[in-house]
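Visitor: Provided herewith: final.cif, mmCIF, C-alpha atoms.
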```cif
data_run
loop_
_atom_site.label_atom_id
_atom_site.label_comp_id
_atom_site.auth_asym_id
_atom_site.auth_seq_id
_atom_site.Cartn_x
_atom_site.Cartn_y
_atom_site.Cartn_z
CA MET E 1 84.70 -118.95 46.92
CA THR E 2 83.55 -117.87 43.44
CA GLU E 3 81.13 -120.24 41.72
CA PHE E 4 82.30 -122.01 38.57
CA SER E 5 79.24 -120.86 36.58
CA ARG E 6 80.09 -117.19 37.24
CA LEU E 7 83.72 -117.77 36.20
CA LYS E 8 82.54 -119.44 33.03
CA LYS E 9 80.18 -116.54 32.28
CA HIS E 10 82.94 -113.96 32.69
CA HIS E 11 85.28 -116.06 30.58
CA LYS E 12 82.79 -116.10 27.71
CA LEU E 13 82.35 -112.33 27.91
CA TYR E 14 86.11 -111.82 27.95
CA SER E 15 86.53 -114.08 24.90
CA PHE E 16 83.82 -112.19 22.95
CA LEU E 17 85.39 -108.81 23.67
CA ARG E 18 88.81 -110.11 22.72
CA TRP E 19 87.49 -111.45 19.39
CA THR E 20 85.68 -108.12 18.72
CA SER E 21 88.88 -106.14 19.24
CA LYS E 22 90.75 -108.37 16.75
CA HIS E 23 88.00 -108.34 14.08
CA PRO E 24 86.60 -104.76 13.92
CA VAL E 25 85.76 -104.94 10.21
CA TRP E 26 82.07 -105.76 10.76
CA LEU E 27 81.75 -102.82 13.14
CA HIS E 28 83.12 -100.42 10.51
CA ARG E 29 80.75 -101.87 7.93
CA LEU E 30 77.81 -101.32 10.28
CA VAL E 31 78.81 -97.69 10.88
CA ARG E 32 79.20 -97.05 7.13
CA TRP E 33 75.82 -98.65 6.44
CA LEU E 34 74.08 -96.51 9.07
CA HIS E 35 75.80 -93.40 7.71
CA SER E 36 74.67 -94.08 4.15
CA HIS E 37 71.07 -95.06 4.99
CA THR E 38 70.26 -92.34 7.56
CA ALA E 39 71.10 -89.24 5.53
CA TRP E 40 67.40 -88.27 5.58
CA LEU E 41 67.38 -88.42 9.37
CA ARG E 42 70.42 -86.12 9.60
CA LYS E 43 68.76 -83.65 7.23
CA ILE E 44 65.63 -83.59 9.40
CA LEU E 45 67.70 -83.03 12.52
CA ARG E 46 69.69 -80.20 10.90
CA TRP E 47 66.48 -78.58 9.63
CA THR E 48 64.86 -78.88 13.07
CA CYS E 49 67.89 -77.39 14.82
CA HIS E 50 67.98 -74.54 12.33
CA LYS E 51 64.29 -73.74 12.78
CA MET E 52 64.42 -74.06 16.57
CA ARG E 53 67.57 -72.00 17.07
CA TRP E 54 65.42 -69.20 18.53
CA MET E 55 64.79 -71.38 21.60
CA LYS E 56 68.25 -70.53 22.91
CA TYR E 57 66.86 -67.10 23.75
CA LEU E 58 64.42 -68.74 26.17
CA ASN E 59 67.22 -69.80 28.46
CA PRO E 60 67.06 -67.31 31.37
CA LEU E 61 70.67 -67.90 32.37
CA ARG E 62 71.71 -66.47 28.99
CA TYR E 63 70.75 -62.99 30.24
CA ILE E 64 72.31 -63.23 33.71
CA LYS E 65 75.96 -62.17 33.75
CA ARG E 66 78.43 -62.02 36.60
CA ILE E 67 77.46 -58.48 37.53
CA ASP E 68 73.80 -59.55 37.58
CA TRP E 69 74.56 -62.37 40.01
CA TYR E 70 76.42 -59.88 42.19
CA ILE E 71 73.43 -57.50 42.39
CA ILE E 72 70.89 -60.31 42.81
CA LYS E 73 72.80 -61.74 45.78
CA LYS E 74 73.06 -58.28 47.31
CA PHE E 75 69.36 -57.62 46.73
CA ILE E 76 67.99 -60.88 48.13
CA GLY E 77 70.50 -60.93 50.99
CA THR E 78 69.53 -57.41 52.10
CA TYR E 79 65.83 -58.26 51.70
CA ILE E 80 66.13 -61.30 53.97
CA TYR E 81 68.21 -59.34 56.46
CA SER E 82 65.67 -56.48 56.63
CA ILE E 83 62.76 -58.88 57.07
CA ALA E 84 64.57 -60.76 59.84
CA LEU E 85 65.43 -57.51 61.61
CA ILE E 86 61.96 -55.94 61.46
CA ILE E 87 60.12 -59.16 62.29
CA SER E 88 62.40 -59.74 65.28
CA ILE E 89 61.58 -56.27 66.60
CA SER E 90 57.88 -56.89 65.97
CA ILE E 91 57.98 -60.16 67.89
CA VAL E 92 59.66 -58.50 70.87
CA PHE E 93 56.98 -55.79 71.00
CA ASP E 94 54.20 -58.33 70.51
CA ILE E 95 55.48 -60.51 73.36
CA ASN E 96 55.75 -57.48 75.60
CA GLU E 97 52.17 -56.50 74.76
CA ASN E 98 50.51 -59.92 75.01
CA LEU E 99 52.53 -61.62 77.76
CA ALA E 100 49.94 -60.69 80.37
CA LYS E 101 47.11 -62.15 78.25
CA PHE E 102 49.06 -65.33 77.62
CA SER E 103 49.51 -65.74 81.38
CA GLN E 104 45.92 -64.81 82.15
CA TYR E 105 44.43 -67.38 79.75
CA HIS E 106 47.14 -70.01 80.51
CA ALA E 107 48.35 -70.34 76.95
CA PRO E 108 50.80 -73.29 76.63
CA LEU E 109 54.30 -72.53 75.40
CA LYS E 110 53.97 -74.96 72.49
CA ALA E 111 50.83 -73.21 71.24
CA ILE E 112 52.45 -69.78 71.62
CA VAL E 113 55.49 -70.79 69.57
CA PHE E 114 54.00 -73.05 66.91
CA ASP E 115 50.35 -71.95 66.61
CA TYR E 116 50.84 -68.21 67.03
CA TYR E 117 54.35 -66.99 66.24
CA MET E 118 55.15 -69.57 63.57
CA ASN E 119 52.06 -68.26 61.74
CA PHE E 120 52.57 -64.65 62.85
CA ILE E 121 55.96 -64.39 61.10
CA PRO E 122 54.97 -65.39 57.52
CA TYR E 123 51.73 -63.38 57.70
CA PHE E 124 53.34 -60.05 58.58
CA ALA E 125 56.46 -60.69 56.49
CA ASN E 126 54.32 -61.27 53.40
CA LEU E 127 51.96 -58.41 54.27
CA PHE E 128 54.79 -55.88 54.14
CA SER E 129 56.90 -57.69 51.55
CA PRO E 130 56.72 -54.86 48.92
CA LEU E 131 57.88 -52.36 51.53
CA PHE E 132 60.74 -54.63 52.59
CA VAL E 133 61.74 -54.85 48.93
CA PHE E 134 61.68 -51.06 48.71
CA ILE E 135 63.79 -50.58 51.85
CA ALA E 136 66.24 -53.30 50.74
CA VAL E 137 66.72 -51.63 47.34
CA ILE E 138 67.39 -48.22 48.91
CA PHE E 139 69.71 -49.66 51.55
CA PHE E 140 72.09 -51.67 49.39
CA THR E 141 71.90 -49.44 46.27
CA SER E 142 72.88 -46.41 48.37
CA LYS E 143 75.82 -48.42 49.65
CA LEU E 144 76.83 -49.32 46.08
CA ALA E 145 76.55 -45.68 45.04
CA GLY E 146 78.53 -44.56 48.09
CA ASN E 147 81.35 -46.94 47.10
CA SER E 148 81.26 -45.54 43.52
CA GLU E 149 80.25 -48.96 42.15
CA ILE E 150 77.21 -47.53 40.31
CA ILE E 151 79.44 -44.87 38.74
CA SER E 152 81.88 -47.57 37.59
CA MET E 153 79.08 -49.61 36.03
CA LEU E 154 77.69 -46.63 34.14
CA ALA E 155 81.19 -45.57 33.06
CA THR E 156 81.77 -48.94 31.35
CA GLY E 157 78.81 -48.29 29.04
CA ILE E 158 76.07 -50.03 31.03
CA SER E 159 72.84 -48.07 30.68
CA PHE E 160 70.47 -47.47 33.55
CA ARG E 161 67.92 -49.70 31.85
CA ARG E 162 70.49 -52.51 31.69
CA LEU E 163 71.31 -51.90 35.35
CA MET E 164 67.66 -52.55 36.21
CA ARG E 165 67.75 -56.10 34.80
CA PRO E 166 69.02 -57.89 37.96
CA TYR E 167 66.61 -55.83 40.07
CA MET E 168 63.67 -56.96 37.94
CA ILE E 169 64.83 -60.59 38.00
CA SER E 170 64.98 -60.44 41.80
CA CYS E 171 61.51 -58.86 41.88
CA ILE E 172 60.12 -61.70 39.75
CA LEU E 173 61.43 -64.28 42.22
CA LEU E 174 60.26 -62.40 45.33
CA SER E 175 56.87 -61.43 43.88
CA SER E 176 56.14 -64.98 42.72
CA LEU E 177 57.00 -66.32 46.16
CA SER E 178 54.89 -63.62 47.83
CA PHE E 179 51.85 -64.32 45.64
CA TYR E 180 52.10 -68.08 46.19
CA LEU E 181 52.29 -67.62 49.95
CA SER E 182 49.41 -65.14 50.12
CA ALA E 183 47.18 -67.14 47.76
CA TYR E 184 47.74 -70.71 48.93
CA VAL E 185 49.85 -71.05 52.11
CA ILE E 186 49.16 -68.17 54.50
CA PRO E 187 45.32 -68.53 54.47
CA HIS E 188 45.65 -71.94 56.15
CA SER E 189 48.05 -70.58 58.75
CA ASN E 190 45.69 -67.66 59.41
CA VAL E 191 43.02 -70.12 60.52
CA ILE E 192 45.36 -71.52 63.19
CA ARG E 193 46.51 -68.06 64.29
CA GLN E 194 42.98 -66.67 64.56
CA ASN E 195 41.82 -69.70 66.55
CA PHE E 196 44.70 -69.13 68.95
CA GLU E 197 43.79 -65.46 69.32
CA SER E 198 40.16 -66.30 70.05
CA MET E 199 41.20 -68.77 72.76
CA TYR E 200 44.16 -67.08 74.46
CA LYS E 201 43.94 -63.38 73.50
CA ASN E 202 40.23 -62.96 74.12
CA LYS E 203 39.59 -61.78 70.58
CA LYS E 204 36.06 -63.05 70.37
CA LYS E 205 34.96 -64.24 66.96
CA ASN E 206 31.46 -63.72 65.72
CA THR E 207 29.88 -67.13 66.30
CA ALA E 208 26.17 -66.32 65.98
CA ALA E 209 23.78 -64.63 63.58
CA ASP E 210 20.15 -63.59 63.82
CA ASN E 211 17.47 -63.24 61.14
CA VAL E 212 19.60 -64.50 58.27
CA MET E 213 17.94 -64.62 54.86
CA LEU E 214 19.76 -65.62 51.68
CA GLN E 215 19.13 -67.05 48.27
CA VAL E 216 20.70 -70.51 48.28
CA GLU E 217 19.71 -71.28 44.68
CA ARG E 218 17.86 -69.56 41.87
CA GLY E 219 14.31 -69.30 43.14
CA THR E 220 15.11 -70.80 46.58
CA ILE E 221 15.15 -68.57 49.68
CA ALA E 222 16.33 -69.75 53.11
CA TYR E 223 15.66 -68.04 56.43
CA ILE E 224 17.14 -68.81 59.87
CA GLN E 225 15.91 -66.97 62.95
CA HIS E 226 19.06 -67.72 64.98
CA TYR E 227 22.24 -69.58 64.03
CA ASP E 228 24.98 -70.81 66.39
CA ASN E 229 28.25 -71.41 64.55
CA ASN E 230 29.88 -73.29 67.44
CA ALA E 231 27.21 -75.97 67.36
CA LYS E 232 26.62 -75.55 63.60
CA LYS E 233 22.92 -75.43 64.41
CA GLY E 234 20.09 -73.09 63.36
CA TYR E 235 16.72 -72.43 64.95
CA GLY E 236 13.49 -71.28 63.33
CA PHE E 237 14.33 -72.42 59.80
CA SER E 238 12.24 -72.00 56.65
CA LEU E 239 12.94 -72.73 52.99
CA ASP E 240 10.76 -71.35 50.18
CA LYS E 241 10.99 -72.51 46.57
CA PHE E 242 9.55 -70.48 43.72
CA ASN E 243 8.83 -71.38 40.11
CA ASN E 244 7.96 -68.51 37.76
CA LYS E 245 7.45 -66.27 40.80
CA LYS E 246 4.95 -68.72 42.27
CA LEU E 247 5.48 -70.48 45.59
CA VAL E 248 5.67 -74.24 44.97
CA SER E 249 7.12 -75.47 48.27
CA HIS E 250 7.41 -74.17 51.82
CA MET E 251 9.49 -76.03 54.40
CA THR E 252 9.77 -75.19 58.10
CA ALA E 253 11.82 -76.81 60.86
CA MET E 254 12.36 -76.15 64.53
CA GLU E 255 16.09 -76.90 64.23
CA ILE E 256 18.54 -77.53 61.43
CA GLN E 257 21.96 -79.11 61.96
CA TYR E 258 24.94 -79.01 59.56
CA ASP E 259 26.63 -82.39 58.98
CA THR E 260 30.35 -81.85 59.62
CA VAL E 261 31.18 -85.56 59.23
CA SER E 262 29.97 -85.96 55.67
CA ASP E 263 32.57 -86.12 52.89
CA SER E 264 30.60 -83.76 50.67
CA LYS E 265 29.19 -80.30 51.38
CA TYR E 266 25.67 -78.93 51.91
CA HIS E 267 24.37 -81.80 54.07
CA TRP E 268 21.80 -80.58 56.65
CA SER E 269 19.52 -82.43 59.04
CA ALA E 270 16.13 -80.85 59.85
CA SER E 271 14.29 -81.67 63.09
CA ASN E 272 10.51 -81.41 63.56
CA TYR E 273 10.02 -80.40 59.95
CA LYS E 274 6.95 -79.66 57.88
CA ILE E 275 6.86 -79.40 54.10
CA ARG E 276 3.93 -77.92 52.17
CA ARG E 277 3.93 -78.48 48.41
CA PHE E 278 1.55 -76.48 46.23
CA ASN E 279 0.18 -77.68 42.88
CA GLY E 280 -2.43 -75.22 41.75
CA TYR E 281 -5.23 -75.36 44.29
CA ARG E 282 -3.97 -78.61 45.74
CA GLU E 283 -1.69 -78.82 48.73
CA GLN E 284 0.39 -81.77 49.93
CA ILE E 285 1.72 -81.75 53.49
CA GLU E 286 4.64 -83.82 54.80
CA THR E 287 5.74 -83.85 58.43
CA GLY E 288 8.30 -85.79 60.40
CA ALA E 289 10.77 -85.80 63.27
CA ARG E 290 13.93 -85.72 61.18
CA LYS E 291 14.89 -85.30 57.54
CA ASP E 292 18.33 -85.29 55.90
CA THR E 293 18.45 -82.90 52.97
CA LEU E 294 20.79 -81.02 50.68
CA ILE E 295 20.67 -77.21 50.93
CA GLN E 296 23.16 -75.12 48.95
CA MET E 297 24.57 -73.20 51.93
CA GLU E 298 27.41 -73.60 54.42
CA PRO E 299 28.19 -72.17 57.87
CA ASN E 300 30.56 -69.64 56.25
CA ASP E 301 27.59 -68.23 54.35
CA LEU E 302 25.67 -67.52 57.55
CA VAL E 303 28.25 -66.00 59.91
CA TYR E 304 30.87 -63.40 59.03
CA SER E 305 33.80 -62.80 61.37
CA LYS E 306 36.44 -60.11 61.08
CA GLY E 307 39.34 -61.22 58.90
CA GLN E 308 37.45 -64.21 57.49
CA GLN E 309 38.47 -63.30 53.93
CA GLU E 310 42.12 -63.82 54.93
CA THR E 311 41.44 -67.50 55.69
CA PHE E 312 40.39 -68.33 52.11
CA THR E 313 42.83 -69.30 49.39
CA SER E 314 42.50 -67.42 46.12
CA PRO E 315 40.51 -70.20 44.37
CA GLU E 316 38.23 -70.43 47.41
CA LEU E 317 37.80 -66.65 47.40
CA GLN E 318 36.89 -66.69 43.72
CA ASN E 319 34.32 -69.46 44.20
CA TYR E 320 32.88 -67.79 47.29
CA ILE E 321 32.52 -64.43 45.51
CA ALA E 322 30.82 -66.03 42.50
CA LYS E 323 28.45 -67.98 44.74
CA GLN E 324 27.51 -64.93 46.81
CA ILE E 325 26.92 -62.80 43.71
CA ASP E 326 24.58 -65.47 42.30
CA ARG E 327 22.68 -65.35 45.59
CA GLY E 328 22.33 -61.60 45.37
CA SER E 329 24.37 -60.98 48.50
CA SER E 330 25.95 -57.55 48.96
CA ASN E 331 28.45 -58.67 51.61
CA VAL E 332 31.21 -59.59 49.15
CA VAL E 333 33.12 -56.33 48.77
CA GLN E 334 35.77 -57.13 51.39
CA TYR E 335 36.31 -60.52 49.73
CA GLN E 336 36.74 -58.90 46.32
CA VAL E 337 39.16 -56.33 47.75
CA GLU E 338 41.20 -59.10 49.35
CA TYR E 339 41.30 -61.09 46.10
CA HIS E 340 42.53 -58.14 44.00
CA LYS E 341 44.86 -56.89 46.73
CA ARG E 342 46.87 -60.13 46.61
CA ILE E 343 47.55 -59.61 42.90
CA ALA E 344 48.23 -55.90 43.23
CA ALA E 345 50.67 -56.43 46.11
CA SER E 346 52.79 -58.68 43.90
CA PHE E 347 53.14 -55.99 41.21
CA ALA E 348 53.87 -53.34 43.83
CA SER E 349 57.37 -54.78 44.28
CA PHE E 350 58.31 -53.81 40.71
CA ILE E 351 57.02 -50.25 41.08
CA LEU E 352 58.70 -49.65 44.43
CA THR E 353 61.95 -51.17 43.16
CA ILE E 354 62.08 -48.70 40.26
CA ILE E 355 61.47 -45.81 42.66
CA GLY E 356 64.09 -47.02 45.13
CA LEU E 357 66.73 -47.63 42.45
CA SER E 358 66.09 -44.26 40.78
CA LEU E 359 66.37 -42.39 44.08
CA SER E 360 69.46 -44.11 45.48
CA ALA E 361 71.57 -44.63 42.32
CA LYS E 362 73.14 -41.18 42.63
CA LYS E 363 76.07 -40.59 44.95
CA ARG E 364 75.45 -37.75 47.37
CA LYS E 365 77.30 -36.42 50.37
CA GLY E 366 74.44 -37.02 52.78
CA GLY E 367 74.84 -40.81 52.63
CA MET E 368 71.92 -43.20 52.79
CA GLY E 369 70.11 -41.51 55.71
CA MET E 370 68.09 -39.25 53.44
CA TYR E 371 67.12 -42.17 51.18
CA LEU E 372 65.97 -44.28 54.11
CA GLY E 373 63.88 -41.36 55.35
CA ILE E 374 62.28 -40.93 51.95
CA GLY E 375 61.72 -44.68 51.77
CA MET E 376 59.97 -44.81 55.14
CA ALA E 377 57.79 -41.82 54.20
CA LEU E 378 56.76 -43.44 50.91
CA SER E 379 56.09 -46.71 52.75
CA PHE E 380 53.69 -45.02 55.16
CA ILE E 381 51.97 -43.26 52.25
CA TYR E 382 51.56 -46.59 50.43
CA ILE E 383 50.03 -48.25 53.52
CA MET E 384 47.72 -45.27 54.05
CA LEU E 385 46.55 -45.41 50.43
CA GLN E 386 45.82 -49.13 50.76
CA THR E 387 43.73 -48.55 53.90
CA VAL E 388 41.87 -45.54 52.50
CA SER E 389 41.09 -47.17 49.17
CA SER E 390 39.82 -50.35 50.87
CA THR E 391 37.58 -48.25 53.12
CA PHE E 392 36.18 -46.40 50.10
CA ALA E 393 35.46 -49.72 48.39
CA ILE E 394 33.54 -51.07 51.40
CA ASN E 395 31.70 -47.90 52.43
CA ALA E 396 31.57 -45.70 49.33
CA ASN E 397 30.82 -48.23 46.54
CA LEU E 398 34.24 -47.83 44.90
CA PRO E 399 34.91 -50.81 42.57
CA PRO E 400 37.07 -53.31 44.50
CA MET E 401 39.54 -53.81 41.65
CA ILE E 402 40.15 -50.06 41.34
CA ALA E 403 40.45 -49.77 45.13
CA ALA E 404 43.13 -52.48 45.22
CA TRP E 405 45.09 -50.94 42.34
CA ILE E 406 44.88 -47.23 43.32
CA PRO E 407 48.16 -47.30 45.33
CA ASN E 408 49.94 -49.01 42.42
CA ILE E 409 48.55 -46.55 39.86
CA ILE E 410 49.67 -43.52 41.90
CA PHE E 411 53.08 -44.98 42.66
CA ALA E 412 53.52 -46.05 39.01
CA ALA E 413 53.31 -42.37 38.04
CA VAL E 414 55.89 -41.55 40.74
CA ALA E 415 58.10 -44.40 39.46
CA TYR E 416 57.96 -43.06 35.89
CA PHE E 417 58.95 -39.57 37.06
CA CYS E 418 61.85 -40.95 39.14
CA TYR E 419 62.98 -43.14 36.25
CA ARG E 420 63.13 -40.12 33.92
CA GLN E 421 65.30 -38.30 36.47
CA ALA E 422 67.64 -41.27 37.04
CA PRO E 423 71.30 -41.03 35.99
CA ASN E 424 72.21 -42.21 32.49
#
```
Now, as a test, write the supplied structure out as structure tokens.
Guide:
Amino acid sequence: MTEFSRLKKHHKLYSFLRWTSKHPVWLHRLVRWLHSHTAWLRKILRWTCHKMRWMKYLNPLRYIKRIDWYIIKKFIGTYIYSIALIISISIVFDINENLAKFSQYHAPLKAIVFDYYMNFIPYFANLFSPLFVFIAVIFFTSKLAGNSEIISMLATGISFRRLMRPYMISCILLSSLSFYLSAYVIPHSNVIRQNFESMYKNKKKNTAADNVMLQVERGTIAYIQHYDNNAKKGYGFSLDKFNNKKLVSHMTAMEIQYDTVSDSKYHWSASNYKIRRFNGYREQIETGARKDTLIQMEPNDLVYSKGQQETFTSPELQNYIAKQIDRGSSNVVQYQVEYHKRIAASFASFILTIIGLSLSAKKRKGGMGMYLGIGMALSFIYIMLQTVSSTFAINANLPPMIAAWIPNIIFAAVAYFCYRQAPN
């Protein structure tokens, strides 16, 4: 049963609305008053809209027409289909190759599926993403040309440059996704995948180092006779501090242990330590059983394992490279190549798309078989150039940035030549 107070409230509201509808004169007066006293505000709004009319050109949907949506859907759909097809074949071959090792090391099914293959798929899909883009462009553009759709588009007055617009928009989306995955997502999954491989595929990681010497700070040199990364422990440790090329402190310890529980970095615990401080001809000696100290080094600085650079995100890579350069370390080339390669691989999609579109836009009697053959040949050449240039950077002192961009520079020249020969 409805309460009387609620009925009374609704009755008052109904009475007010009924009175308002019968006496609208005050409402008209209010509107006229606002109209006469806010002319300055309307002028400001009109002036602002007139000055900001250029912002309508910033709307990306303004440049995407129906034909663009048609090509974008074809492009991305073929790209996803080609990735799914090639990755499925790769998984079948990988299972066939590693099934015996999985059985030998008793790898659980859950670890195989979620720790290995769920991280295997995005790694290899992103690694060959520019090539998948290239193959997808050749595949579906050849089909469009075979159905005379490209000829119809050009016959209506659409230029080849205008035809490239949906291809470039698709490349922006795919390249942005590829860079984000390679820079921030895949490095974390690589850690899980590499740990699985070291446990169940017998791919032993480098877990020890001997006679390690590095500059942890300006004027501070650390030395470890032997370091075990599994235990995060070093043996035969010494730390020398210099001021104006003069030794001011010398610390030795039988063992040094990295604190993995601490919230901050660089926490070490020295056992059976001895510190000698020099002040002119005076010497102060401090000894003890244990001492907690801060030393600007981490386990990653002491042990290098194959593929370690792939486990760092791009900000971590940048910080690591800067830190190692300050220490005077020469073992940073592979990290620099990896950092620049992630950026160069994103731009490779645009170059390969221009080549693929220029090659397959013409209708020929041979069909798409010749284009796919050319595409596969160019793909192998691109991979070979990446490998060779990286090797030259590591072993022949080639600048890492140039090494990462050499394939793109060469293929950019090929793309320009193909673009000049494209149909108009």
Visitor: Work out how far CA of Ala125 in chain E is from CA of Ala415 in chain E, in Å to one decimal.
Guide: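 Between CA of Ala415 in chain E and CA of Ala125 in chain E the gap works out to 23.6 Å.
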Visitor: One number please: CA of Lys363 in chain E to CA of Ile169 in chain E, in Å, one decimal.
Guide: 24.0 Å
Visitor: Nearest residue to Gly356 in chain E out of E:Val388, E:Ile192, E:Ile383, E:Leu378, using all atoms listed in the file?
Guide: E:Leu378
Visitor: Between CA of Tyr273 in chain E and CA of Asn206 in chain E, what distance in Å does the model show, to one decimal?
Guide: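 Between CA of Tyr273 in chain E and CA of Asn206 in chain E the gap is 27.8 Å.
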Visitor: Please list as a list in words every residue within 12 Å of Glu283 in chain E, counting all atoms listed in the file and excluding residues in the same chain fewer than 3 positions away.
Guide: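 Listing them by chain and then by number gives Leu247, Val248, Ser249, His250, Ile275, Arg276, Arg277, Phe278, Asn279, Gly280 and Glu286 of chain E.
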Visitor: Counting only C-alpha atoms, which of E:Thr156, E:Gln309, E:Ser82, E:Asn408 gets nearest to Ile351 in chain E?
Guide: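 Checking each of E:Thr156, E:Gln309, E:Ser82, E:Asn408 against Ile351 in chain E, counting only C-alpha atoms, the winner is E:Asn408.
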Visitor: Determine, counting only C-alpha atoms, which protein, DNA and RNA residues have an atom within 6 Å of an atom of range 126-140 of chain E; residues of the same chain fewer than 2 positions away are not included. Present the result as a CSV table (one decimal) with C-alpha atoms, in the coordinates of the input.
Guide:
```
chain,number,residue,atom,x,y,z
E,78,THR,CA,69.5,-57.4,52.1
E,79,TYR,CA,65.8,-58.3,51.7
E,122,PRO,CA,55.0,-65.4,57.5
E,123,TYR,CA,51.7,-63.4,57.7
E,124,PHE,CA,53.3,-60.0,58.6
E,142,SER,CA,72.9,-46.4,48.4
E,143,LYS,CA,75.8,-48.4,49.6
E,349,SER,CA,57.4,-54.8,44.3
E,352,LEU,CA,58.7,-49.6,44.4
E,353,THR,CA,62.0,-51.2,43.2
E,356,GLY,CA,64.1,-47.0,45.1
E,360,SER,CA,69.5,-44.1,45.5
```
Visitor: Nearest to Phe347 in chain E among E:Ser269, E:Ser176, E:Gln284, E:Ser264, with distances taken over only C-alpha atoms: which residue is it?
Guide: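 The answer is E:Ser176, which sits nearest to Phe347 in chain E.
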Visitor: Determine the residue membership of the PyMOL selection byres ((chain E and resi 223) around 12) for the file above and supply it as a PDB file with C-alpha atoms, in the frame of the given file.
Guide:
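Below is the file selection_36.pdb, written as the result:
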```
ATOM      1  CA  ALA E 209      23.780 -64.630  63.580  1.00  0.00           C
ATOM      2  CA  ASP E 210      20.150 -63.590  63.820  1.00  0.00           C
ATOM      3  CA  ASN E 211      17.470 -63.240  61.140  1.00  0.00           C
ATOM      4  CA  VAL E 212      19.600 -64.500  58.270  1.00  0.00           C
ATOM      5  CA  MET E 213      17.940 -64.620  54.860  1.00  0.00           C
ATOM      6  CA  LEU E 214      19.760 -65.620  51.680  1.00  0.00           C
ATOM      7  CA  GLN E 215      19.130 -67.050  48.270  1.00  0.00           C
ATOM      8  CA  VAL E 216      20.700 -70.510  48.280  1.00  0.00           C
ATOM      9  CA  THR E 220      15.110 -70.800  46.580  1.00  0.00           C
ATOM     10  CA  ILE E 221      15.150 -68.570  49.680  1.00  0.00           C
ATOM     11  CA  ALA E 222      16.330 -69.750  53.110  1.00  0.00           C
ATOM     12  CA  ILE E 224      17.140 -68.810  59.870  1.00  0.00           C
ATOM     13  CA  GLN E 225      15.910 -66.970  62.950  1.00  0.00           C
ATOM     14  CA  HIS E 226      19.060 -67.720  64.980  1.00  0.00           C
ATOM     15  CA  TYR E 227      22.240 -69.580  64.030  1.00  0.00           C
ATOM     16  CA  GLY E 234      20.090 -73.090  63.360  1.00  0.00           C
ATOM     17  CA  TYR E 235      16.720 -72.430  64.950  1.00  0.00           C
ATOM     18  CA  GLY E 236      13.490 -71.280  63.330  1.00  0.00           C
ATOM     19  CA  PHE E 237      14.330 -72.420  59.800  1.00  0.00           C
ATOM     20  CA  SER E 238      12.240 -72.000  56.650  1.00  0.00           C
ATOM     21  CA  LEU E 239      12.940 -72.730  52.990  1.00  0.00           C
ATOM     22  CA  ASP E 240      10.760 -71.350  50.180  1.00  0.00           C
ATOM     23  CA  LYS E 241      10.990 -72.510  46.570  1.00  0.00           C
ATOM     24  CA  HIS E 250       7.410 -74.170  51.820  1.00  0.00           C
ATOM     25  CA  MET E 251       9.490 -76.030  54.400  1.00  0.00           C
ATOM     26  CA  THR E 252       9.770 -75.190  58.100  1.00  0.00           C
ATOM     27  CA  ALA E 253      11.820 -76.810  60.860  1.00  0.00           C
ATOM     28  CA  MET E 254      12.360 -76.150  64.530  1.00  0.00           C
ATOM     29  CA  GLU E 255      16.090 -76.900  64.230  1.00  0.00           C
ATOM     30  CA  ILE E 256      18.540 -77.530  61.430  1.00  0.00           C
ATOM     31  CA  ILE E 295      20.670 -77.210  50.930  1.00  0.00           C
ATOM     32  CA  MET E 297      24.570 -73.200  51.930  1.00  0.00           C
ATOM     33  CA  LEU E 302      25.670 -67.520  57.550  1.00  0.00           C
TER      34      LEU E 302
END
```
Visitor: Applying the PyMOL selection byres ((chain E and resi 394) around 12) to the file I just gave you, which residues come out? Please list them as a VMD selection string.
Guide: chain E and resid 330 to 338 387 to 393 395 to 401 403 to 404
Visitor: Which residue is closest to Val113 in chain E? Choose from E:Lys341, E:Lys201, E:Arg18, E:Arg193 and count all atoms listed in the file.
Guide: E:Arg193
